[in-house]
$ cat structure_17.csv   # CSV, C-alpha atoms
chain,number,residue,atom,x,y,z
A,118,MET,CA,-82.7,113.3,228.8
A,119,ALA,CA,-82.3,112.5,225.1
A,120,LYS,CA,-78.8,112.4,223.7
A,121,ASP,CA,-79.5,115.0,221.0
A,122,GLN,CA,-81.2,117.3,223.5
A,123,LEU,CA,-78.2,117.0,225.8
A,124,ALA,CA,-75.9,117.9,222.9
A,125,ARG,CA,-77.9,121.1,222.3
A,126,TYR,CA,-77.7,122.1,226.0
A,127,ILE,CA,-74.0,121.6,225.9
A,128,TRP,CA,-73.6,123.6,222.7
A,129,ILE,CA,-75.4,126.6,224.2
A,130,VAL,CA,-73.3,126.6,227.4
A,131,ASP,CA,-70.0,126.0,225.6
A,132,THR,CA,-70.7,128.7,223.0
A,133,LEU,CA,-71.6,131.3,225.7
A,134,LYS,CA,-68.5,130.3,227.7
A,135,ARG,CA,-66.3,130.8,224.7
A,136,HIS,CA,-67.8,134.1,223.5
A,137,GLY,CA,-68.8,135.6,226.8
A,138,ARG,CA,-71.9,137.6,226.0
A,139,LEU,CA,-74.1,137.1,222.9
A,140,THR,CA,-77.3,138.5,221.6
A,141,ARG,CA,-80.1,136.1,220.5
A,142,GLN,CA,-79.4,137.1,216.9
A,143,ARG,CA,-75.6,136.4,217.2
A,144,LEU,CA,-76.2,133.1,219.1
A,145,ASN,CA,-78.7,132.0,216.3
A,146,GLU,CA,-76.1,132.8,213.6
A,147,LEU,CA,-73.5,130.6,215.4
A,148,TRP,CA,-76.2,128.0,215.9
A,149,LEU,CA,-77.0,127.9,212.1
A,150,ARG,CA,-73.3,127.4,211.3
A,151,SER,CA,-73.1,124.4,213.6
A,152,SER,CA,-73.8,120.8,212.6
A,153,ILE,CA,-76.2,120.4,215.5
A,154,SER,CA,-78.8,122.8,214.1
A,155,ASP,CA,-79.5,120.8,210.9
A,156,GLY,CA,-79.8,124.2,209.2
A,157,LYS,CA,-82.8,125.3,211.2
A,158,PRO,CA,-82.9,128.4,213.4
A,159,MET,CA,-83.6,128.2,217.1
A,160,PRO,CA,-87.0,129.7,218.0
A,161,GLU,CA,-87.3,132.0,220.9
A,162,ARG,CA,-89.6,129.7,222.8
A,163,THR,CA,-87.2,126.8,222.3
A,164,PHE,CA,-84.3,128.8,223.6
A,165,TYR,CA,-86.3,129.7,226.7
A,166,TYR,CA,-87.0,126.0,227.2
A,167,TYR,CA,-83.3,125.1,226.8
A,168,ARG,CA,-82.3,127.8,229.3
A,169,ARG,CA,-84.6,126.3,231.9
A,170,ALA,CA,-83.4,122.8,231.2
A,171,ILE,CA,-79.8,123.9,231.5
A,172,GLU,CA,-80.4,125.4,234.9
A,173,GLU,CA,-82.3,122.4,236.2
A,174,ASN,CA,-79.8,119.8,234.9
A,175,PHE,CA,-76.4,121.6,235.3
A,176,HIS,CA,-77.2,124.3,237.8
A,177,ILE,CA,-75.9,126.8,235.3
A,178,LEU,CA,-77.8,130.1,235.2
A,179,ILE,CA,-78.1,132.1,231.9
A,180,GLU,CA,-79.1,135.7,232.3
A,181,CYS,CA,-79.8,138.6,229.9
A,182,ASN,CA,-78.4,142.1,230.5
A,183,LYS,CA,-79.9,145.5,229.5
A,184,SER,CA,-78.1,145.2,226.1
A,185,ALA,CA,-80.1,142.0,225.3
A,186,GLU,CA,-76.9,139.9,225.6
A,187,TYR,CA,-77.1,136.5,227.2
A,188,TYR,CA,-74.3,135.3,229.5
A,189,ILE,CA,-73.5,132.7,232.1
A,190,VAL,CA,-73.6,133.6,235.8
A,191,GLU,CA,-70.5,132.1,237.4
A,192,GLU,CA,-71.8,131.0,240.8
A,193,GLY,CA,-73.3,128.1,242.7
A,194,ASP,CA,-72.2,125.1,244.7
A,195,GLU,CA,-68.6,124.1,243.9
A,196,GLY,CA,-69.4,120.4,243.7
A,197,ASN,CA,-72.2,121.0,241.2
A,198,LYS,CA,-69.9,123.3,239.2
A,199,THR,CA,-67.1,120.7,239.0
A,200,LEU,CA,-69.5,117.9,237.9
A,201,SER,CA,-71.2,120.2,235.4
A,202,ASP,CA,-67.8,121.3,233.9
A,203,TRP,CA,-66.8,117.7,233.5
A,204,LEU,CA,-70.0,116.8,231.7
A,205,LEU,CA,-69.8,119.9,229.6
A,206,ASP,CA,-66.2,119.3,228.6
A,207,SER,CA,-66.8,115.6,227.7
A,208,VAL,CA,-69.8,116.4,225.4
A,209,ALA,CA,-68.3,119.6,224.0
A,210,ILE,CA,-65.2,117.8,222.9
A,211,SER,CA,-67.3,115.1,221.3
A,212,ASN,CA,-69.4,117.8,219.5
A,213,ALA,CA,-66.2,119.6,218.3
A,214,MET,CA,-64.7,116.4,216.9
A,215,LYS,CA,-67.9,115.7,214.9
A,216,GLU,CA,-68.2,119.3,213.7
A,217,TYR,CA,-64.6,119.5,212.5
A,218,SER,CA,-64.4,115.9,211.3
A,219,ILE,CA,-61.4,115.2,213.5
A,220,ASP,CA,-59.8,111.7,213.0
A,221,PRO,CA,-60.1,109.9,216.5
A,222,ALA,CA,-56.7,108.3,215.8
A,223,ARG,CA,-55.1,111.7,216.2
A,224,ILE,CA,-56.3,112.1,219.8
A,225,GLU,CA,-54.9,110.0,222.6
A,226,VAL,CA,-56.8,109.8,226.0
A,227,GLU,CA,-56.4,107.8,229.2
A,228,ASP,CA,-58.7,104.8,229.6
A,229,VAL,CA,-61.1,104.6,232.5
A,230,PRO,CA,-62.1,100.9,232.3
A,231,SER,CA,-64.6,100.9,235.1
A,232,ALA,CA,-66.7,103.6,233.5
A,233,ARG,CA,-68.1,101.5,230.7
A,234,ARG,CA,-69.4,98.5,232.6
A,235,PHE,CA,-70.4,99.4,236.1
A,236,LEU,CA,-70.6,103.2,236.2
A,237,PRO,CA,-74.1,103.4,234.5
A,238,ILE,CA,-75.4,100.8,237.0
A,239,VAL,CA,-74.1,102.7,240.0
A,240,LEU,CA,-75.4,106.0,238.7
A,241,GLU,CA,-78.9,104.4,238.4
A,242,ALA,CA,-78.6,103.0,242.0
A,243,VAL,CA,-77.5,106.4,243.3
A,244,SER,CA,-80.3,108.2,241.5
A,245,LEU,CA,-83.0,105.8,242.8
A,246,ASN,CA,-81.5,105.2,246.2
A,247,GLN,CA,-81.4,101.5,245.6
A,248,LYS,CA,-79.0,99.0,247.1
A,249,ILE,CA,-76.6,96.9,245.0
A,250,ASN,CA,-75.1,93.5,245.3
A,251,PHE,CA,-71.6,92.9,243.9
A,252,THR,CA,-68.4,90.7,244.0
A,253,TYR,CA,-65.2,92.5,244.8
A,254,ALA,CA,-61.6,91.5,244.1
A,255,GLY,CA,-59.6,93.9,246.3
A,256,PHE,CA,-55.8,94.2,245.7
A,257,ASN,CA,-55.1,93.4,249.4
A,258,ARG,CA,-57.2,90.2,249.4
A,259,SER,CA,-56.3,86.8,247.9
A,260,ARG,CA,-59.9,85.8,247.4
A,261,GLU,CA,-62.9,87.6,246.0
A,262,GLU,CA,-65.7,88.8,248.3
A,263,ASN,CA,-69.1,87.7,247.2
A,264,ASN,CA,-72.6,89.0,247.8
A,265,ILE,CA,-71.6,92.4,249.2
A,266,ILE,CA,-74.8,94.4,249.8
A,267,PHE,CA,-74.1,98.1,249.6
A,268,SER,CA,-75.9,101.4,249.7
A,269,PRO,CA,-74.0,103.8,247.3
A,270,TYR,CA,-74.1,107.3,248.7
A,271,PHE,CA,-71.4,109.1,246.6
A,272,LEU,CA,-69.2,108.7,243.5
A,273,LYS,CA,-65.8,110.1,243.0
A,274,ARG,CA,-63.3,109.9,240.1
A,275,TYR,CA,-59.6,110.0,241.1
A,276,LYS,CA,-56.6,109.3,238.9
A,277,GLN,CA,-58.6,107.7,236.1
A,278,ARG,CA,-60.5,105.4,238.5
A,279,TRP,CA,-64.1,105.6,239.7
A,280,TYR,CA,-64.9,105.0,243.4
A,281,MET,CA,-68.2,104.7,245.2
A,282,LEU,CA,-68.6,105.4,248.9
A,283,GLY,CA,-71.5,104.2,251.0
A,284,LEU,CA,-72.8,101.9,253.7
A,285,ARG,CA,-71.8,98.2,253.7
A,286,GLU,CA,-74.8,96.4,255.1
A,287,LYS,CA,-72.9,93.5,256.8
A,288,SER,CA,-70.6,95.7,258.9
A,289,GLY,CA,-72.7,98.9,259.1
A,290,GLU,CA,-69.6,100.9,258.2
A,291,LEU,CA,-68.9,103.5,255.5
A,292,ARG,CA,-66.7,101.9,252.9
A,293,THR,CA,-65.0,102.9,249.6
A,294,TYR,CA,-64.8,100.5,246.6
A,295,ALA,CA,-63.1,101.0,243.3
A,296,LEU,CA,-65.3,100.2,240.4
A,297,ASP,CA,-62.5,98.6,238.4
A,298,ARG,CA,-62.1,95.9,241.1
A,299,ILE,CA,-65.7,94.8,240.8
A,300,ARG,CA,-66.4,91.5,239.0
A,301,GLU,CA,-70.2,91.3,239.0
A,302,MET,CA,-73.0,93.7,240.0
A,303,ARG,CA,-76.7,94.0,240.1
A,304,ILE,CA,-79.3,96.4,241.4
A,305,LEU,CA,-81.5,95.2,244.2
A,306,PRO,CA,-85.2,96.1,244.7
A,307,ASP,CA,-84.4,97.2,248.3
A,308,LYS,CA,-84.3,101.0,248.9
A,309,PHE,CA,-82.0,102.8,251.2
A,310,GLU,CA,-82.3,106.1,253.0
A,311,MET,CA,-79.7,108.7,252.3
A,312,PRO,CA,-78.5,110.2,255.7
A,313,ASP,CA,-79.8,113.8,255.9
A,314,ASP,CA,-76.7,115.0,257.7
A,315,LEU,CA,-74.1,113.4,255.4
A,316,LYS,CA,-72.6,115.4,252.5
A,317,SER,CA,-69.9,114.4,250.1
A,318,SER,CA,-67.8,117.4,251.4
A,319,ASP,CA,-68.0,115.8,254.9
A,320,VAL,CA,-66.2,112.7,253.4
A,321,PHE,CA,-64.0,114.1,250.7
A,322,GLY,CA,-63.7,117.8,251.6
A,323,ASN,CA,-60.5,117.7,253.5
A,324,ILE,CA,-58.7,114.8,251.9
A,325,ILE,CA,-56.6,114.1,248.8
A,326,GLY,CA,-57.9,111.1,246.9
A,327,VAL,CA,-60.3,108.5,248.4
A,328,THR,CA,-58.5,107.1,251.4
A,329,SER,CA,-60.7,108.2,254.3
A,330,SER,CA,-59.3,109.3,257.6
A,331,LYS,CA,-60.9,109.9,261.0
A,332,ALA,CA,-58.0,112.1,262.0
A,333,ASP,CA,-58.4,115.9,262.5
A,334,THR,CA,-57.8,118.3,259.7
A,335,ARG,CA,-54.3,119.7,259.8
A,336,THR,CA,-52.5,122.7,258.4
A,337,VAL,CA,-50.2,121.4,255.7
A,338,ARG,CA,-47.3,123.6,254.4
A,339,LEU,CA,-45.3,122.7,251.4
A,340,LYS,CA,-42.2,124.5,250.0
A,341,ALA,CA,-42.1,124.3,246.2
A,342,THR,CA,-39.4,125.6,243.8
A,343,SER,CA,-40.5,128.5,241.6
A,344,SER,CA,-40.7,126.1,238.7
A,345,GLN,CA,-43.0,123.6,240.5
A,346,ALA,CA,-45.0,126.5,241.9
A,347,LYS,CA,-46.2,127.4,238.4
A,348,TYR,CA,-47.8,123.9,238.0
A,349,LEU,CA,-49.4,123.9,241.5
A,350,ARG,CA,-50.7,127.4,240.7
A,351,ALA,CA,-52.3,126.2,237.5
A,352,LEU,CA,-53.6,122.9,238.9
A,353,PRO,CA,-54.1,123.2,242.7
A,354,LEU,CA,-53.5,120.1,244.8
A,355,HIS,CA,-56.7,120.9,246.8
A,356,PRO,CA,-59.4,123.6,246.8
A,357,SER,CA,-58.0,124.9,250.2
A,358,GLN,CA,-54.7,125.8,248.6
A,359,GLN,CA,-53.1,129.2,249.5
A,360,GLU,CA,-49.8,130.5,248.2
A,361,GLU,CA,-47.1,132.7,249.7
A,362,ILE,CA,-44.7,133.8,247.0
A,363,HIS,CA,-41.0,134.4,247.6
A,364,ASP,CA,-38.1,135.2,245.2
A,365,ASP,CA,-37.0,131.6,244.6
A,366,TYR,CA,-39.8,129.5,246.0
A,367,SER,CA,-43.4,129.5,247.1
A,368,ILE,CA,-45.0,128.1,250.3
A,369,PHE,CA,-48.4,126.4,249.7
A,370,THR,CA,-50.8,126.0,252.6
A,371,TYR,CA,-53.6,123.5,252.8
A,372,ASN,CA,-56.3,122.3,255.3
A,373,LEU,CA,-56.1,118.5,255.0
A,374,LYS,CA,-56.3,115.2,256.8
A,375,LEU,CA,-53.1,113.1,256.6
A,376,ASN,CA,-53.6,110.0,254.5
A,377,TYR,CA,-51.8,107.6,252.1
A,378,ASP,CA,-53.0,109.5,249.0
A,379,LEU,CA,-51.6,112.8,250.2
A,380,VAL,CA,-48.2,111.3,250.8
A,381,SER,CA,-48.3,109.7,247.3
A,382,GLU,CA,-49.1,113.1,245.7
A,383,ILE,CA,-46.2,114.7,247.5
A,384,LEU,CA,-43.8,112.0,246.5
A,385,SER,CA,-44.9,112.3,242.9
A,386,LEU,CA,-43.6,115.9,242.9
A,387,GLY,CA,-40.1,114.6,243.7
A,388,GLU,CA,-37.3,117.0,244.8
A,389,GLN,CA,-39.3,120.0,243.7
A,390,VAL,CA,-41.4,120.0,246.9
A,391,LYS,CA,-40.5,119.7,250.6
A,392,VAL,CA,-42.9,119.2,253.5
A,393,LEU,CA,-42.5,122.0,256.1
A,394,GLU,CA,-45.3,120.9,258.5
A,395,PRO,CA,-46.8,119.1,260.2
A,396,ARG,CA,-44.0,116.9,261.6
A,397,GLU,CA,-46.1,113.7,261.3
A,398,LEU,CA,-46.5,114.3,257.5
A,399,ARG,CA,-42.7,114.9,257.2
A,400,LEU,CA,-42.1,111.5,258.9
A,401,MET,CA,-44.6,109.7,256.7
A,402,VAL,CA,-42.9,111.0,253.6
A,403,ILE,CA,-39.4,110.2,255.0
A,404,MET,CA,-40.5,106.6,255.8
A,405,ARG,CA,-41.9,106.0,252.3
A,406,LEU,CA,-38.7,107.4,250.7
A,407,ARG,CA,-36.5,105.1,252.9
A,408,GLU,CA,-38.6,102.1,251.9
A,409,ALA,CA,-38.2,103.0,248.3
A,410,LEU,CA,-34.5,103.5,248.6
A,411,ALA,CA,-34.1,100.2,250.4
A,412,LEU,CA,-35.2,98.4,247.3
A,413,TYR,CA,-32.1,99.7,245.5
A,414,GLU,CA,-29.6,99.0,248.2
$ encode --input "structure_17.csv" --output "structure tokens"
Amino acid sequence: MAKDQLARYIWIVDTLKRHGRLTRQRLNELWLRSSISDGKPMPERTFYYYRRAIEENFHILIECNKSAEYYIVEEGDEGNKTLSDWLLDSVAISNAMKEYSIDPARIEVEDVPSARRFLPIVLEAVSLNQKINFTYAGFNRSREENNIIFSPYFLKRYKQRWYMLGLREKSGELRTYALDRIREMRILPDKFEMPDDLKSSDVFGNIIGVTSSKADTRTVRLKATSSQAKYLRALPLHPSQQEEIHDDYSIFTYNLKLNYDLVSEILSLGEQVKVLEPRELRLMVIMRLREALALYE
């Protein structure tokens, strides 16, 4: 997909999302005002082609009502929607900065170092179902691991880091690797078969972060102050989040597996959140708190 073509798709979706419903005439007026049009109108045939491409590439459906207004149908797979939103946001911001001549020095963003060097390689391997060979310098190892042969099944971004999950050939086990700990990588000519019965939701659906767990999914209940509840309401900890509102607090319920990342998330909320259940999670949080306190005693 050409870069300029992608920018046009993004502009159409972003414009419809911001304005809601637009006729072809109004959409064309906005198009002519934008820098992306080069001062040329968008022909009907071209718009039809763009609609089809947007649906195929982003799984976003653009419909037309009886008033001849075009709008985006908010539906579809949640995973596809999240990825599409991320792509749209990234390019839409870039387009806006160009259109309004915003000085990049006035915008501060968090760096994602692994994205530049290795993410394009992994994306290619995932797209073509090809194995990769890489060297890994894990934090918990004193020496680098060389010649790891790996079949990348899924990619996930978590806390400004990219991770890939797949099958490590030597052990025959599913493993997760952080892209920023990779030192060298190359795509191999060997193909791998993606398991038909394995979906990303099977791996990441009931966990926080990327630390996998073979434990059963549990009902997790957190008590949050009314102040903290506003933040959890605006940015849910997990898609399964449910809220029970009280006068001075809220109780949030989740369906999650207990793992290291979940405990870290809870600890990051400090005294604003308390674990009600399960008991095992309460003990995991208490243990981490005691270990942290011991450093200052």
$ closest_residue --input "structure_17.csv" --among "A:Ala254, A:Leu386, A:Leu412, A:Ile179" --to "Lys340 of chain A" --atoms "all atoms listed in the file"
A:Leu386
$ closest_residue --input "structure_17.csv" --among "A:Asn246, A:Ser184, A:Ser152, A:Gln122" --to "Ile171 of chain A" --atoms "all atoms listed in the file"
A:Gln122
$ atom_distance --input "structure_17.csv" --atom1 "atom CA of Glu172 of chain A" --atom2 "atom CA of Tyr188 of chain A"
12.8 Å
$ atom_distance --input "structure_17.csv" --atom1 "atom CA of His136 of chain A" --atom2 "atom CA of Tyr348 of chain A"
26.7 Å
$ closest_residue --input "structure_17.csv" --among "A:Leu349, A:Ile368, A:Leu291, A:Ile265" --to "Ser330 of chain A" --atoms "all atoms listed in the file"
A:Leu291
$ closest_residue --input "structure_17.csv" --among "A:Asn182, A:Thr328, A:Thr140, A:Gln358" --to "Val380 of chain A" --atoms "all atoms listed in the file"
A:Thr328
$ closest_residue --input "structure_17.csv" --among "A:Gly387, A:Pro312, A:Gly322, A:Pro306" --to "Ser357 of chain A" --atoms "all atoms listed in the file"
A:Gly322
$ residues_near_point --input "structure_17.csv" --point "(-74.5, 129.1, 225.3)" --cutoff "10 Å" --atoms "only C-alpha atoms" --output "JSON list (two decimals) with C-alpha atoms, keeping the file's coordinate frame"
[["chain", "number", "residue", "atom", "x", "y", "z"],
["A", 125, "ARG", "CA", -77.90, 121.10, 222.30],
["A", 126, "TYR", "CA", -77.70, 122.10, 226.00],
["A", 127, "ILE", "CA", -74.00, 121.60, 225.90],
["A", 128, "TRP", "CA", -73.60, 123.60, 222.70],
["A", 129, "ILE", "CA", -75.40, 126.60, 224.20],
["A", 130, "VAL", "CA", -73.30, 126.60, 227.40],
["A", 131, "ASP", "CA", -70.00, 126.00, 225.60],
["A", 132, "THR", "CA", -70.70, 128.70, 223.00],
["A", 133, "LEU", "CA", -71.60, 131.30, 225.70],
["A", 134, "LYS", "CA", -68.50, 130.30, 227.70],
["A", 135, "ARG", "CA", -66.30, 130.80, 224.70],
["A", 136, "HIS", "CA", -67.80, 134.10, 223.50],
["A", 137, "GLY", "CA", -68.80, 135.60, 226.80],
["A", 138, "ARG", "CA", -71.90, 137.60, 226.00],
["A", 139, "LEU", "CA", -74.10, 137.10, 222.90],
["A", 144, "LEU", "CA", -76.20, 133.10, 219.10],
["A", 148, "TRP", "CA", -76.20, 128.00, 215.90],
["A", 164, "PHE", "CA", -84.30, 128.80, 223.60],
["A", 167, "TYR", "CA", -83.30, 125.10, 226.80],
["A", 168, "ARG", "CA", -82.30, 127.80, 229.30],
["A", 171, "ILE", "CA", -79.80, 123.90, 231.50],
["A", 179, "ILE", "CA", -78.10, 132.10, 231.90],
["A", 187, "TYR", "CA", -77.10, 136.50, 227.20],
["A", 188, "TYR", "CA", -74.30, 135.30, 229.50],
["A", 189, "ILE", "CA", -73.50, 132.70, 232.10]]
